[in-house]
>>> print(open('data.pdb').read())   # PDB, N, CA and C atoms, pLDDT in the B column
ATOM      1  N   THR G1001      -6.405  -1.800 -10.248  1.00 94.00           N
ATOM      2  CA  THR G1001      -5.287  -1.179  -9.568  1.00 94.00           C
ATOM      3  C   THR G1001      -3.989  -1.881  -9.960  1.00 94.00           C
ATOM      4  N   ALA G1002      -2.915  -1.159  -9.822  1.00 93.00           N
ATOM      5  CA  ALA G1002      -1.583  -1.706 -10.053  1.00 93.00           C
ATOM      6  C   ALA G1002      -0.733  -1.372  -8.836  1.00 93.00           C
ATOM      7  N   GLU G1003       0.006  -2.352  -8.369  1.00 91.00           N
ATOM      8  CA  GLU G1003       0.985  -2.132  -7.305  1.00 91.00           C
ATOM      9  C   GLU G1003       1.959  -3.286  -7.335  1.00 91.00           C
ATOM     10  N   LYS G1004       3.145  -3.053  -6.752  1.00 87.00           N
ATOM     11  CA  LYS G1004       4.149  -4.118  -6.730  1.00 87.00           C
ATOM     12  C   LYS G1004       3.511  -5.377  -6.170  1.00 87.00           C
ATOM     13  N   PHE G1005       3.440  -6.386  -6.745  1.00 89.00           N
ATOM     14  CA  PHE G1005       3.706  -6.841  -8.099  1.00 89.00           C
ATOM     15  C   PHE G1005       2.436  -7.500  -8.604  1.00 89.00           C
ATOM     16  N   ASP G1006       1.381  -6.679  -8.713  1.00 92.00           N
ATOM     17  CA  ASP G1006       0.054  -7.217  -8.921  1.00 92.00           C
ATOM     18  C   ASP G1006      -0.833  -6.246  -9.693  1.00 92.00           C
ATOM     19  N   PHE G1007      -1.658  -6.801 -10.565  1.00 95.00           N
ATOM     20  CA  PHE G1007      -2.788  -6.084 -11.144  1.00 95.00           C
ATOM     21  C   PHE G1007      -4.041  -6.684 -10.533  1.00 95.00           C
ATOM     22  N   SER G1008      -4.991  -5.843 -10.196  1.00 96.00           N
ATOM     23  CA  SER G1008      -6.257  -6.334  -9.662  1.00 96.00           C
ATOM     24  C   SER G1008      -7.392  -5.589 -10.353  1.00 96.00           C
ATOM     25  N   PRO G1009      -8.293  -6.313 -11.026  1.00 97.00           N
ATOM     26  CA  PRO G1009      -8.327  -7.772 -11.152  1.00 97.00           C
ATOM     27  C   PRO G1009      -7.241  -8.266 -12.101  1.00 97.00           C
ATOM     28  N   SER G1010      -6.924  -9.530 -11.985  1.00 96.00           N
ATOM     29  CA  SER G1010      -5.888 -10.094 -12.851  1.00 96.00           C
ATOM     30  C   SER G1010      -6.489 -10.768 -14.081  1.00 96.00           C
ATOM     31  N   GLU G1011      -7.817 -10.822 -14.152  1.00 98.00           N
ATOM     32  CA  GLU G1011      -8.478 -11.324 -15.357  1.00 98.00           C
ATOM     33  C   GLU G1011      -9.621 -10.390 -15.721  1.00 98.00           C
ATOM     34  N   ILE G1012      -9.665 -10.007 -16.984  1.00 97.00           N
ATOM     35  CA  ILE G1012     -10.689  -9.103 -17.499  1.00 97.00           C
ATOM     36  C   ILE G1012     -11.304  -9.768 -18.730  1.00 97.00           C
ATOM     37  N   THR G1013     -12.639  -9.761 -18.803  1.00 98.00           N
ATOM     38  CA  THR G1013     -13.336 -10.321 -19.961  1.00 98.00           C
ATOM     39  C   THR G1013     -14.065  -9.200 -20.689  1.00 98.00           C
ATOM     40  N   VAL G1014     -13.882  -9.144 -22.001  1.00 98.00           N
ATOM     41  CA  VAL G1014     -14.511  -8.124 -22.851  1.00 98.00           C
ATOM     42  C   VAL G1014     -15.037  -8.808 -24.111  1.00 98.00           C
ATOM     43  N   LYS G1015     -15.796  -8.037 -24.914  1.00 98.00           N
ATOM     44  CA  LYS G1015     -16.356  -8.576 -26.149  1.00 98.00           C
ATOM     45  C   LYS G1015     -15.595  -8.044 -27.365  1.00 98.00           C
ATOM     46  N   LYS G1016     -15.379  -8.934 -28.319  1.00 98.00           N
ATOM     47  CA  LYS G1016     -14.725  -8.573 -29.575  1.00 98.00           C
ATOM     48  C   LYS G1016     -15.549  -7.494 -30.278  1.00 98.00           C
ATOM     49  N   GLY G1017     -14.866  -6.470 -30.768  1.00 97.00           N
ATOM     50  CA  GLY G1017     -15.513  -5.419 -31.538  1.00 97.00           C
ATOM     51  C   GLY G1017     -16.171  -4.323 -30.722  1.00 97.00           C
ATOM     52  N   GLU G1018     -16.209  -4.464 -29.402  1.00 97.00           N
ATOM     53  CA  GLU G1018     -16.789  -3.426 -28.550  1.00 97.00           C
ATOM     54  C   GLU G1018     -15.677  -2.594 -27.917  1.00 97.00           C
ATOM     55  N   PRO G1019     -15.823  -1.259 -27.943  1.00 98.00           N
ATOM     56  CA  PRO G1019     -14.805  -0.405 -27.323  1.00 98.00           C
ATOM     57  C   PRO G1019     -14.622  -0.741 -25.830  1.00 98.00           C
ATOM     58  N   VAL G1020     -13.378  -0.739 -25.411  1.00 98.00           N
ATOM     59  CA  VAL G1020     -13.020  -1.049 -24.023  1.00 98.00           C
ATOM     60  C   VAL G1020     -12.354   0.179 -23.417  1.00 98.00           C
ATOM     61  N   VAL G1021     -12.734   0.502 -22.186  1.00 98.00           N
ATOM     62  CA  VAL G1021     -12.077   1.557 -21.423  1.00 98.00           C
ATOM     63  C   VAL G1021     -11.642   0.928 -20.096  1.00 98.00           C
ATOM     64  N   ILE G1022     -10.342   0.898 -19.877  1.00 97.00           N
ATOM     65  CA  ILE G1022      -9.795   0.376 -18.619  1.00 97.00           C
ATOM     66  C   ILE G1022      -9.202   1.551 -17.859  1.00 97.00           C
ATOM     67  N   GLU G1023      -9.652   1.735 -16.624  1.00 97.00           N
ATOM     68  CA  GLU G1023      -9.098   2.770 -15.747  1.00 97.00           C
ATOM     69  C   GLU G1023      -8.171   2.088 -14.755  1.00 97.00           C
ATOM     70  N   ILE G1024      -6.920   2.525 -14.730  1.00 96.00           N
ATOM     71  CA  ILE G1024      -5.926   1.913 -13.843  1.00 96.00           C
ATOM     72  C   ILE G1024      -5.347   2.978 -12.927  1.00 96.00           C
ATOM     73  N   VAL G1025      -5.266   2.655 -11.650  1.00 95.00           N
ATOM     74  CA  VAL G1025      -4.651   3.533 -10.652  1.00 95.00           C
ATOM     75  C   VAL G1025      -3.473   2.785 -10.041  1.00 95.00           C
ATOM     76  N   SER G1026      -2.317   3.411 -10.029  1.00 94.00           N
ATOM     77  CA  SER G1026      -1.159   2.830  -9.355  1.00 94.00           C
ATOM     78  C   SER G1026      -1.187   3.232  -7.891  1.00 94.00           C
ATOM     79  N   LEU G1027      -1.017   2.262  -7.023  1.00 93.00           N
ATOM     80  CA  LEU G1027      -1.029   2.520  -5.585  1.00 93.00           C
ATOM     81  C   LEU G1027       0.350   2.807  -5.008  1.00 93.00           C
ATOM     82  N   ASP G1028       1.407   2.683  -5.847  1.00 91.00           N
ATOM     83  CA  ASP G1028       2.732   2.859  -5.254  1.00 91.00           C
ATOM     84  C   ASP G1028       3.751   3.596  -6.127  1.00 91.00           C
ATOM     85  N   ARG G1029       3.869   3.264  -7.382  1.00 91.00           N
ATOM     86  CA  ARG G1029       4.919   3.826  -8.229  1.00 91.00           C
ATOM     87  C   ARG G1029       4.488   3.753  -9.676  1.00 91.00           C
ATOM     88  N   LYS G1030       5.335   4.233 -10.578  1.00 92.00           N
ATOM     89  CA  LYS G1030       5.034   4.155 -12.003  1.00 92.00           C
ATOM     90  C   LYS G1030       5.165   2.707 -12.486  1.00 92.00           C
ATOM     91  N   HIS G1031       4.155   2.279 -13.219  1.00 94.00           N
ATOM     92  CA  HIS G1031       4.152   0.958 -13.830  1.00 94.00           C
ATOM     93  C   HIS G1031       3.843   1.131 -15.307  1.00 94.00           C
ATOM     94  N   GLY G1032       3.885   0.041 -16.019  1.00 95.00           N
ATOM     95  CA  GLY G1032       3.444   0.020 -17.406  1.00 95.00           C
ATOM     96  C   GLY G1032       2.309  -0.976 -17.532  1.00 95.00           C
ATOM     97  N   PHE G1033       1.473  -0.804 -18.536  1.00 96.00           N
ATOM     98  CA  PHE G1033       0.405  -1.751 -18.842  1.00 96.00           C
ATOM     99  C   PHE G1033       0.471  -2.011 -20.331  1.00 96.00           C
ATOM    100  N   THR G1034       0.690  -3.261 -20.708  1.00 96.00           N
ATOM    101  CA  THR G1034       0.790  -3.587 -22.120  1.00 96.00           C
ATOM    102  C   THR G1034       0.118  -4.917 -22.423  1.00 96.00           C
ATOM    103  N   ILE G1035      -0.552  -4.946 -23.579  1.00 97.00           N
ATOM    104  CA  ILE G1035      -1.107  -6.174 -24.145  1.00 97.00           C
ATOM    105  C   ILE G1035      -0.480  -6.277 -25.535  1.00 97.00           C
ATOM    106  N   PRO G1036       0.683  -6.888 -25.641  1.00 97.00           N
ATOM    107  CA  PRO G1036       1.432  -6.874 -26.901  1.00 97.00           C
ATOM    108  C   PRO G1036       0.642  -7.402 -28.104  1.00 97.00           C
ATOM    109  N   ASP G1037      -0.126  -8.467 -27.929  1.00 97.00           N
ATOM    110  CA  ASP G1037      -0.844  -9.068 -29.057  1.00 97.00           C
ATOM    111  C   ASP G1037      -1.967  -8.191 -29.600  1.00 97.00           C
ATOM    112  N   LEU G1038      -2.366  -7.162 -28.843  1.00 97.00           N
ATOM    113  CA  LEU G1038      -3.413  -6.246 -29.294  1.00 97.00           C
ATOM    114  C   LEU G1038      -2.868  -4.835 -29.530  1.00 97.00           C
ATOM    115  N   ASN G1039      -1.549  -4.682 -29.461  1.00 96.00           N
ATOM    116  CA  ASN G1039      -0.890  -3.383 -29.652  1.00 96.00           C
ATOM    117  C   ASN G1039      -1.428  -2.313 -28.703  1.00 96.00           C
ATOM    118  N   VAL G1040      -1.581  -2.688 -27.433  1.00 97.00           N
ATOM    119  CA  VAL G1040      -2.061  -1.775 -26.392  1.00 97.00           C
ATOM    120  C   VAL G1040      -0.908  -1.507 -25.441  1.00 97.00           C
ATOM    121  N   ARG G1041      -0.688  -0.240 -25.107  1.00 97.00           N
ATOM    122  CA  ARG G1041       0.386   0.120 -24.171  1.00 97.00           C
ATOM    123  C   ARG G1041       0.087   1.450 -23.513  1.00 97.00           C
ATOM    124  N   SER G1042       0.354   1.542 -22.199  1.00 96.00           N
ATOM    125  CA  SER G1042       0.170   2.799 -21.472  1.00 96.00           C
ATOM    126  C   SER G1042       1.087   2.832 -20.259  1.00 96.00           C
ATOM    127  N   ASP G1043       1.549   4.035 -19.922  1.00 95.00           N
ATOM    128  CA  ASP G1043       2.196   4.234 -18.628  1.00 95.00           C
ATOM    129  C   ASP G1043       1.097   4.322 -17.577  1.00 95.00           C
ATOM    130  N   VAL G1044       1.395   3.854 -16.380  1.00 95.00           N
ATOM    131  CA  VAL G1044       0.455   3.939 -15.259  1.00 95.00           C
ATOM    132  C   VAL G1044       1.154   4.747 -14.169  1.00 95.00           C
ATOM    133  N   LYS G1045       0.761   6.009 -14.071  1.00 94.00           N
ATOM    134  CA  LYS G1045       1.416   6.921 -13.143  1.00 94.00           C
ATOM    135  C   LYS G1045       0.702   6.909 -11.792  1.00 94.00           C
ATOM    136  N   PRO G1046       1.462   6.964 -10.701  1.00 93.00           N
ATOM    137  CA  PRO G1046       0.837   6.960  -9.372  1.00 93.00           C
ATOM    138  C   PRO G1046       0.046   8.248  -9.130  1.00 93.00           C
ATOM    139  N   GLY G1047      -1.032   8.097  -8.371  1.00 87.00           N
ATOM    140  CA  GLY G1047      -1.814   9.261  -7.979  1.00 87.00           C
ATOM    141  C   GLY G1047      -2.712   9.806  -9.064  1.00 87.00           C
ATOM    142  N   ALA G1048      -2.872   9.077 -10.171  1.00 92.00           N
ATOM    143  CA  ALA G1048      -3.705   9.550 -11.273  1.00 92.00           C
ATOM    144  C   ALA G1048      -4.535   8.388 -11.806  1.00 92.00           C
ATOM    145  N   LYS G1049      -5.684   8.720 -12.370  1.00 95.00           N
ATOM    146  CA  LYS G1049      -6.487   7.717 -13.064  1.00 95.00           C
ATOM    147  C   LYS G1049      -5.947   7.646 -14.490  1.00 95.00           C
ATOM    148  N   ASN G1050      -5.417   6.495 -14.861  1.00 96.00           N
ATOM    149  CA  ASN G1050      -4.839   6.286 -16.174  1.00 96.00           C
ATOM    150  C   ASN G1050      -5.869   5.558 -17.034  1.00 96.00           C
ATOM    151  N   ILE G1051      -6.188   6.126 -18.185  1.00 97.00           N
ATOM    152  CA  ILE G1051      -7.234   5.590 -19.051  1.00 97.00           C
ATOM    153  C   ILE G1051      -6.597   4.879 -20.248  1.00 97.00           C
ATOM    154  N   VAL G1052      -7.005   3.639 -20.478  1.00 97.00           N
ATOM    155  CA  VAL G1052      -6.545   2.860 -21.626  1.00 97.00           C
ATOM    156  C   VAL G1052      -7.782   2.536 -22.467  1.00 97.00           C
ATOM    157  N   ARG G1053      -7.785   2.974 -23.726  1.00 98.00           N
ATOM    158  CA  ARG G1053      -8.913   2.746 -24.628  1.00 98.00           C
ATOM    159  C   ARG G1053      -8.453   1.946 -25.838  1.00 98.00           C
ATOM    160  N   PHE G1054      -9.244   0.939 -26.200  1.00 98.00           N
ATOM    161  CA  PHE G1054      -8.970   0.154 -27.400  1.00 98.00           C
ATOM    162  C   PHE G1054     -10.213  -0.650 -27.754  1.00 98.00           C
ATOM    163  N   THR G1055     -10.239  -1.166 -28.973  1.00 98.00           N
ATOM    164  CA  THR G1055     -11.317  -2.043 -29.419  1.00 98.00           C
ATOM    165  C   THR G1055     -10.683  -3.339 -29.900  1.00 98.00           C
ATOM    166  N   PRO G1056     -10.890  -4.447 -29.177  1.00 98.00           N
ATOM    167  CA  PRO G1056     -10.275  -5.705 -29.598  1.00 98.00           C
ATOM    168  C   PRO G1056     -10.883  -6.195 -30.901  1.00 98.00           C
ATOM    169  N   ASP G1057     -10.021  -6.569 -31.845  1.00 96.00           N
ATOM    170  CA  ASP G1057     -10.492  -6.995 -33.161  1.00 96.00           C
ATOM    171  C   ASP G1057     -10.385  -8.496 -33.380  1.00 96.00           C
ATOM    172  N   LYS G1058      -9.999  -9.215 -32.328  1.00 97.00           N
ATOM    173  CA  LYS G1058      -9.928 -10.672 -32.427  1.00 97.00           C
ATOM    174  C   LYS G1058     -10.250 -11.290 -31.074  1.00 97.00           C
ATOM    175  N   ALA G1059     -10.869 -12.468 -31.121  1.00 98.00           N
ATOM    176  CA  ALA G1059     -11.212 -13.188 -29.898  1.00 98.00           C
ATOM    177  C   ALA G1059     -10.016 -14.025 -29.454  1.00 98.00           C
ATOM    178  N   GLY G1060      -9.962 -14.325 -28.172  1.00 98.00           N
ATOM    179  CA  GLY G1060      -8.897 -15.162 -27.642  1.00 98.00           C
ATOM    180  C   GLY G1060      -8.510 -14.740 -26.245  1.00 98.00           C
ATOM    181  N   THR G1061      -7.464 -15.344 -25.753  1.00 98.00           N
ATOM    182  CA  THR G1061      -6.918 -15.032 -24.439  1.00 98.00           C
ATOM    183  C   THR G1061      -5.572 -14.366 -24.649  1.00 98.00           C
ATOM    184  N   PHE G1062      -5.434 -13.175 -24.087  1.00 98.00           N
ATOM    185  CA  PHE G1062      -4.230 -12.372 -24.285  1.00 98.00           C
ATOM    186  C   PHE G1062      -3.660 -11.994 -22.928  1.00 98.00           C
ATOM    187  N   PHE G1063      -2.357 -11.969 -22.839  1.00 97.00           N
ATOM    188  CA  PHE G1063      -1.698 -11.660 -21.582  1.00 97.00           C
ATOM    189  C   PHE G1063      -1.334 -10.180 -21.519  1.00 97.00           C
ATOM    190  N   PHE G1064      -1.559  -9.573 -20.357  1.00 97.00           N
ATOM    191  CA  PHE G1064      -1.071  -8.217 -20.126  1.00 97.00           C
ATOM    192  C   PHE G1064      -0.061  -8.266 -19.001  1.00 97.00           C
ATOM    193  N   HIS G1065       0.842  -7.295 -18.988  1.00 96.00           N
ATOM    194  CA  HIS G1065       1.868  -7.265 -17.952  1.00 96.00           C
ATOM    195  C   HIS G1065       2.421  -5.851 -17.791  1.00 96.00           C
ATOM    196  N   CYS G1066       3.152  -5.673 -16.715  1.00 93.00           N
ATOM    197  CA  CYS G1066       3.876  -4.433 -16.471  1.00 93.00           C
ATOM    198  C   CYS G1066       5.169  -4.503 -17.286  1.00 93.00           C
ATOM    199  N   ASP G1067       5.422  -3.455 -18.075  1.00 92.00           N
ATOM    200  CA  ASP G1067       6.636  -3.462 -18.885  1.00 92.00           C
ATOM    201  C   ASP G1067       7.656  -2.417 -18.429  1.00 92.00           C
ATOM    202  N   LEU G1068       7.470  -1.909 -17.211  1.00 84.00           N
ATOM    203  CA  LEU G1068       8.468  -1.023 -16.596  1.00 84.00           C
ATOM    204  C   LEU G1068       8.986  -1.721 -15.341  1.00 84.00           C
ATOM    205  N   PHE G1069      10.273  -1.996 -15.310  1.00 80.00           N
ATOM    206  CA  PHE G1069      10.828  -2.749 -14.178  1.00 80.00           C
ATOM    207  C   PHE G1069      10.486  -2.056 -12.867  1.00 80.00           C
ATOM    208  N   CYS G1070       9.871  -2.809 -11.960  1.00 76.00           N
ATOM    209  CA  CYS G1070       9.413  -2.235 -10.683  1.00 76.00           C
ATOM    210  C   CYS G1070       9.971  -2.990  -9.485  1.00 76.00           C
ATOM    211  N   GLY G1071      11.031  -3.767  -9.685  1.00 75.00           N
ATOM    212  CA  GLY G1071      11.692  -4.427  -8.575  1.00 75.00           C
ATOM    213  C   GLY G1071      11.611  -5.944  -8.674  1.00 75.00           C
ATOM    214  N   SER G1072      12.192  -6.602  -7.679  1.00 77.00           N
ATOM    215  CA  SER G1072      12.172  -8.061  -7.626  1.00 77.00           C
ATOM    216  C   SER G1072      10.726  -8.517  -7.493  1.00 77.00           C
ATOM    217  N   GLY G1073      10.279  -9.360  -8.409  1.00 77.00           N
ATOM    218  CA  GLY G1073       8.885  -9.774  -8.465  1.00 77.00           C
ATOM    219  C   GLY G1073       8.169  -9.174  -9.666  1.00 77.00           C
ATOM    220  N   HIS G1074       8.828  -8.248 -10.349  1.00 73.00           N
ATOM    221  CA  HIS G1074       8.260  -7.579 -11.520  1.00 73.00           C
ATOM    222  C   HIS G1074       7.740  -8.576 -12.558  1.00 73.00           C
ATOM    223  N   GLU G1075       8.473  -9.659 -12.770  1.00 81.00           N
ATOM    224  CA  GLU G1075       8.099 -10.625 -13.802  1.00 81.00           C
ATOM    225  C   GLU G1075       6.765 -11.317 -13.523  1.00 81.00           C
ATOM    226  N   ASP G1076       6.284 -11.238 -12.276  1.00 83.00           N
ATOM    227  CA  ASP G1076       5.006 -11.856 -11.921  1.00 83.00           C
ATOM    228  C   ASP G1076       3.828 -10.889 -12.035  1.00 83.00           C
ATOM    229  N   MET G1077       4.092  -9.642 -12.402  1.00 93.00           N
ATOM    230  CA  MET G1077       3.032  -8.632 -12.487  1.00 93.00           C
ATOM    231  C   MET G1077       2.361  -8.750 -13.844  1.00 93.00           C
ATOM    232  N   ALA G1078       1.345  -9.614 -13.902  1.00 96.00           N
ATOM    233  CA  ALA G1078       0.704  -9.935 -15.173  1.00 96.00           C
ATOM    234  C   ALA G1078      -0.749 -10.325 -14.945  1.00 96.00           C
ATOM    235  N   GLY G1079      -1.471 -10.417 -16.042  1.00 97.00           N
ATOM    236  CA  GLY G1079      -2.857 -10.840 -15.988  1.00 97.00           C
ATOM    237  C   GLY G1079      -3.316 -11.313 -17.357  1.00 97.00           C
ATOM    238  N   THR G1080      -4.614 -11.571 -17.460  1.00 98.00           N
ATOM    239  CA  THR G1080      -5.193 -12.134 -18.673  1.00 98.00           C
ATOM    240  C   THR G1080      -6.390 -11.310 -19.120  1.00 98.00           C
ATOM    241  N   LEU G1081      -6.435 -11.006 -20.402  1.00 98.00           N
ATOM    242  CA  LEU G1081      -7.592 -10.366 -21.021  1.00 98.00           C
ATOM    243  C   LEU G1081      -8.241 -11.424 -21.907  1.00 98.00           C
ATOM    244  N   VAL G1082      -9.502 -11.733 -21.610  1.00 98.00           N
ATOM    245  CA  VAL G1082     -10.244 -12.710 -22.403  1.00 98.00           C
ATOM    246  C   VAL G1082     -11.203 -11.936 -23.307  1.00 98.00           C
ATOM    247  N   VAL G1083     -11.056 -12.107 -24.607  1.00 98.00           N
ATOM    248  CA  VAL G1083     -11.925 -11.450 -25.576  1.00 98.00           C
ATOM    249  C   VAL G1083     -12.849 -12.515 -26.152  1.00 98.00           C
ATOM    250  N   VAL G1084     -14.153 -12.353 -25.927  1.00 98.00           N
ATOM    251  CA  VAL G1084     -15.127 -13.334 -26.389  1.00 98.00           C
ATOM    252  C   VAL G1084     -15.889 -12.801 -27.599  1.00 98.00           C
ATOM    253  N   GLU G1085     -16.382 -13.713 -28.421  1.00 96.00           N
ATOM    254  CA  GLU G1085     -17.236 -13.333 -29.550  1.00 96.00           C
ATOM    255  C   GLU G1085     -18.544 -12.772 -28.991  1.00 96.00           C
ATOM    256  N   GLN G1086     -19.152 -11.859 -29.720  1.00 82.00           N
ATOM    257  CA  GLN G1086     -20.418 -11.280 -29.253  1.00 82.00           C
ATOM    258  C   GLN G1086     -21.560 -12.252 -29.386  1.00 82.00           C
TER     259      GLN G1086
END
>>> encode(input="data.pdb", output="structure tokens")
Amino acid sequence: TAEKFDFSPSEITVKKGEPVVIEIVSLDRKHGFTIPDLNVRSDVKPGAKNIVRFTPDKAGTFFFHCDLFCGSGHEDMAGTLVVVEQ
């Protein structure tokens, strides 16, 4: 879920080379979801299930965050994607 100023869960673990499907629902307003180091980006619209699909091609710890300003506290709306070797 996404809501001012939080993603839940804030840490996601996936495997390198395996397709990932993340379903995000906004509980309050439009947000963004981006993982810049993996070239992943999606709008997260309220009242809809937003689907983000990608296949991570490298292992490591990558940060995701909201990239649409959603008010004071926006800069804290972030999390971590951990990509592990298979």
>>> closest_residue(input="data.pdb", among="G:Asp1067, G:Glu1085, G:Asp1076, G:Asp1043", to="Glu1023 of chain G", atoms="only C-alpha atoms")
G:Asp1043
>>> closest_residue(input="data.pdb", among="G:Lys1016, G:Asp1057, G:Val1040, G:Asp1006", to="Met1077 of chain G", atoms="only N, CA and C atoms")
G:Asp1006
>>> residues_around(input="data.pdb", residues="segment 1028-1037 of chain G", least_positions_apart="3", cutoff="10 Å", atoms="only C-alpha atoms", output="number ranges by chain")
G: 1001-1005, 1007, 1024-1025, 1040-1047, 1050, 1052, 1058, 1061-1070, 1074, 1077-1081
>>> write_last_selection(input="data.pdb", atoms="N, CA and C atoms", output="tab-separated table (two decimals), in the coordinates of the input")
chain	number	residue	atom	x	y	z
G	1001	THR	N	-6.40	-1.80	-10.25
G	1001	THR	CA	-5.29	-1.18	-9.57
G	1001	THR	C	-3.99	-1.88	-9.96
G	1002	ALA	N	-2.92	-1.16	-9.82
G	1002	ALA	CA	-1.58	-1.71	-10.05
G	1002	ALA	C	-0.73	-1.37	-8.84
G	1003	GLU	N	0.01	-2.35	-8.37
G	1003	GLU	CA	0.98	-2.13	-7.30
G	1003	GLU	C	1.96	-3.29	-7.34
G	1004	LYS	N	3.14	-3.05	-6.75
G	1004	LYS	CA	4.15	-4.12	-6.73
G	1004	LYS	C	3.51	-5.38	-6.17
G	1005	PHE	N	3.44	-6.39	-6.74
G	1005	PHE	CA	3.71	-6.84	-8.10
G	1005	PHE	C	2.44	-7.50	-8.60
G	1007	PHE	N	-1.66	-6.80	-10.56
G	1007	PHE	CA	-2.79	-6.08	-11.14
G	1007	PHE	C	-4.04	-6.68	-10.53
G	1024	ILE	N	-6.92	2.52	-14.73
G	1024	ILE	CA	-5.93	1.91	-13.84
G	1024	ILE	C	-5.35	2.98	-12.93
G	1025	VAL	N	-5.27	2.66	-11.65
G	1025	VAL	CA	-4.65	3.53	-10.65
G	1025	VAL	C	-3.47	2.78	-10.04
G	1040	VAL	N	-1.58	-2.69	-27.43
G	1040	VAL	CA	-2.06	-1.78	-26.39
G	1040	VAL	C	-0.91	-1.51	-25.44
G	1041	ARG	N	-0.69	-0.24	-25.11
G	1041	ARG	CA	0.39	0.12	-24.17
G	1041	ARG	C	0.09	1.45	-23.51
G	1042	SER	N	0.35	1.54	-22.20
G	1042	SER	CA	0.17	2.80	-21.47
G	1042	SER	C	1.09	2.83	-20.26
G	1043	ASP	N	1.55	4.04	-19.92
G	1043	ASP	CA	2.20	4.23	-18.63
G	1043	ASP	C	1.10	4.32	-17.58
G	1044	VAL	N	1.40	3.85	-16.38
G	1044	VAL	CA	0.46	3.94	-15.26
G	1044	VAL	C	1.15	4.75	-14.17
G	1045	LYS	N	0.76	6.01	-14.07
G	1045	LYS	CA	1.42	6.92	-13.14
G	1045	LYS	C	0.70	6.91	-11.79
G	1046	PRO	N	1.46	6.96	-10.70
G	1046	PRO	CA	0.84	6.96	-9.37
G	1046	PRO	C	0.05	8.25	-9.13
G	1047	GLY	N	-1.03	8.10	-8.37
G	1047	GLY	CA	-1.81	9.26	-7.98
G	1047	GLY	C	-2.71	9.81	-9.06
G	1050	ASN	N	-5.42	6.50	-14.86
G	1050	ASN	CA	-4.84	6.29	-16.17
G	1050	ASN	C	-5.87	5.56	-17.03
G	1052	VAL	N	-7.00	3.64	-20.48
G	1052	VAL	CA	-6.54	2.86	-21.63
G	1052	VAL	C	-7.78	2.54	-22.47
G	1058	LYS	N	-10.00	-9.22	-32.33
G	1058	LYS	CA	-9.93	-10.67	-32.43
G	1058	LYS	C	-10.25	-11.29	-31.07
G	1061	THR	N	-7.46	-15.34	-25.75
G	1061	THR	CA	-6.92	-15.03	-24.44
G	1061	THR	C	-5.57	-14.37	-24.65
G	1062	PHE	N	-5.43	-13.18	-24.09
G	1062	PHE	CA	-4.23	-12.37	-24.28
G	1062	PHE	C	-3.66	-11.99	-22.93
G	1063	PHE	N	-2.36	-11.97	-22.84
G	1063	PHE	CA	-1.70	-11.66	-21.58
G	1063	PHE	C	-1.33	-10.18	-21.52
G	1064	PHE	N	-1.56	-9.57	-20.36
G	1064	PHE	CA	-1.07	-8.22	-20.13
G	1064	PHE	C	-0.06	-8.27	-19.00
G	1065	HIS	N	0.84	-7.30	-18.99
G	1065	HIS	CA	1.87	-7.26	-17.95
G	1065	HIS	C	2.42	-5.85	-17.79
G	1066	CYS	N	3.15	-5.67	-16.72
G	1066	CYS	CA	3.88	-4.43	-16.47
G	1066	CYS	C	5.17	-4.50	-17.29
G	1067	ASP	N	5.42	-3.46	-18.08
G	1067	ASP	CA	6.64	-3.46	-18.89
G	1067	ASP	C	7.66	-2.42	-18.43
G	1068	LEU	N	7.47	-1.91	-17.21
G	1068	LEU	CA	8.47	-1.02	-16.60
G	1068	LEU	C	8.99	-1.72	-15.34
G	1069	PHE	N	10.27	-2.00	-15.31
G	1069	PHE	CA	10.83	-2.75	-14.18
G	1069	PHE	C	10.49	-2.06	-12.87
G	1070	CYS	N	9.87	-2.81	-11.96
G	1070	CYS	CA	9.41	-2.24	-10.68
G	1070	CYS	C	9.97	-2.99	-9.48
G	1074	HIS	N	8.83	-8.25	-10.35
G	1074	HIS	CA	8.26	-7.58	-11.52
G	1074	HIS	C	7.74	-8.58	-12.56
G	1077	MET	N	4.09	-9.64	-12.40
G	1077	MET	CA	3.03	-8.63	-12.49
G	1077	MET	C	2.36	-8.75	-13.84
G	1078	ALA	N	1.34	-9.61	-13.90
G	1078	ALA	CA	0.70	-9.94	-15.17
G	1078	ALA	C	-0.75	-10.32	-14.94
G	1079	GLY	N	-1.47	-10.42	-16.04
G	1079	GLY	CA	-2.86	-10.84	-15.99
G	1079	GLY	C	-3.32	-11.31	-17.36
G	1080	THR	N	-4.61	-11.57	-17.46
G	1080	THR	CA	-5.19	-12.13	-18.67
G	1080	THR	C	-6.39	-11.31	-19.12
G	1081	LEU	N	-6.44	-11.01	-20.40
G	1081	LEU	CA	-7.59	-10.37	-21.02
G	1081	LEU	C	-8.24	-11.42	-21.91
>>> resolve_selection(input="data.pdb", expression="the PyMOL selection byres (((chain G and resi 1054 and name CA) around 7) and name CA)", output="PyMOL selection string")
chain G and resi 1019-1021+1052-1053+1055-1056
>>> write_last_selection(input="data.pdb", atoms="N, CA and C atoms", output="mmCIF file, in the frame of the given file")
data_model
loop_
_atom_site.group_PDB
_atom_site.id
_atom_site.type_symbol
_atom_site.label_atom_id
_atom_site.label_comp_id
_atom_site.auth_asym_id
_atom_site.auth_seq_id
_atom_site.Cartn_x
_atom_site.Cartn_y
_atom_site.Cartn_z
ATOM 1 N N PRO G 1019 -15.823 -1.259 -27.943
ATOM 2 C CA PRO G 1019 -14.805 -0.405 -27.323
ATOM 3 C C PRO G 1019 -14.622 -0.741 -25.830
ATOM 4 N N VAL G 1020 -13.378 -0.739 -25.411
ATOM 5 C CA VAL G 1020 -13.020 -1.049 -24.023
ATOM 6 C C VAL G 1020 -12.354 0.179 -23.417
ATOM 7 N N VAL G 1021 -12.734 0.502 -22.186
ATOM 8 C CA VAL G 1021 -12.077 1.557 -21.423
ATOM 9 C C VAL G 1021 -11.642 0.928 -20.096
ATOM 10 N N VAL G 1052 -7.005 3.639 -20.478
ATOM 11 C CA VAL G 1052 -6.545 2.860 -21.626
ATOM 12 C C VAL G 1052 -7.782 2.536 -22.467
ATOM 13 N N ARG G 1053 -7.785 2.974 -23.726
ATOM 14 C CA ARG G 1053 -8.913 2.746 -24.628
ATOM 15 C C ARG G 1053 -8.453 1.946 -25.838
ATOM 16 N N THR G 1055 -10.239 -1.166 -28.973
ATOM 17 C CA THR G 1055 -11.317 -2.043 -29.419
ATOM 18 C C THR G 1055 -10.683 -3.339 -29.900
ATOM 19 N N PRO G 1056 -10.890 -4.447 -29.177
ATOM 20 C CA PRO G 1056 -10.275 -5.705 -29.598
ATOM 21 C C PRO G 1056 -10.883 -6.195 -30.901
#
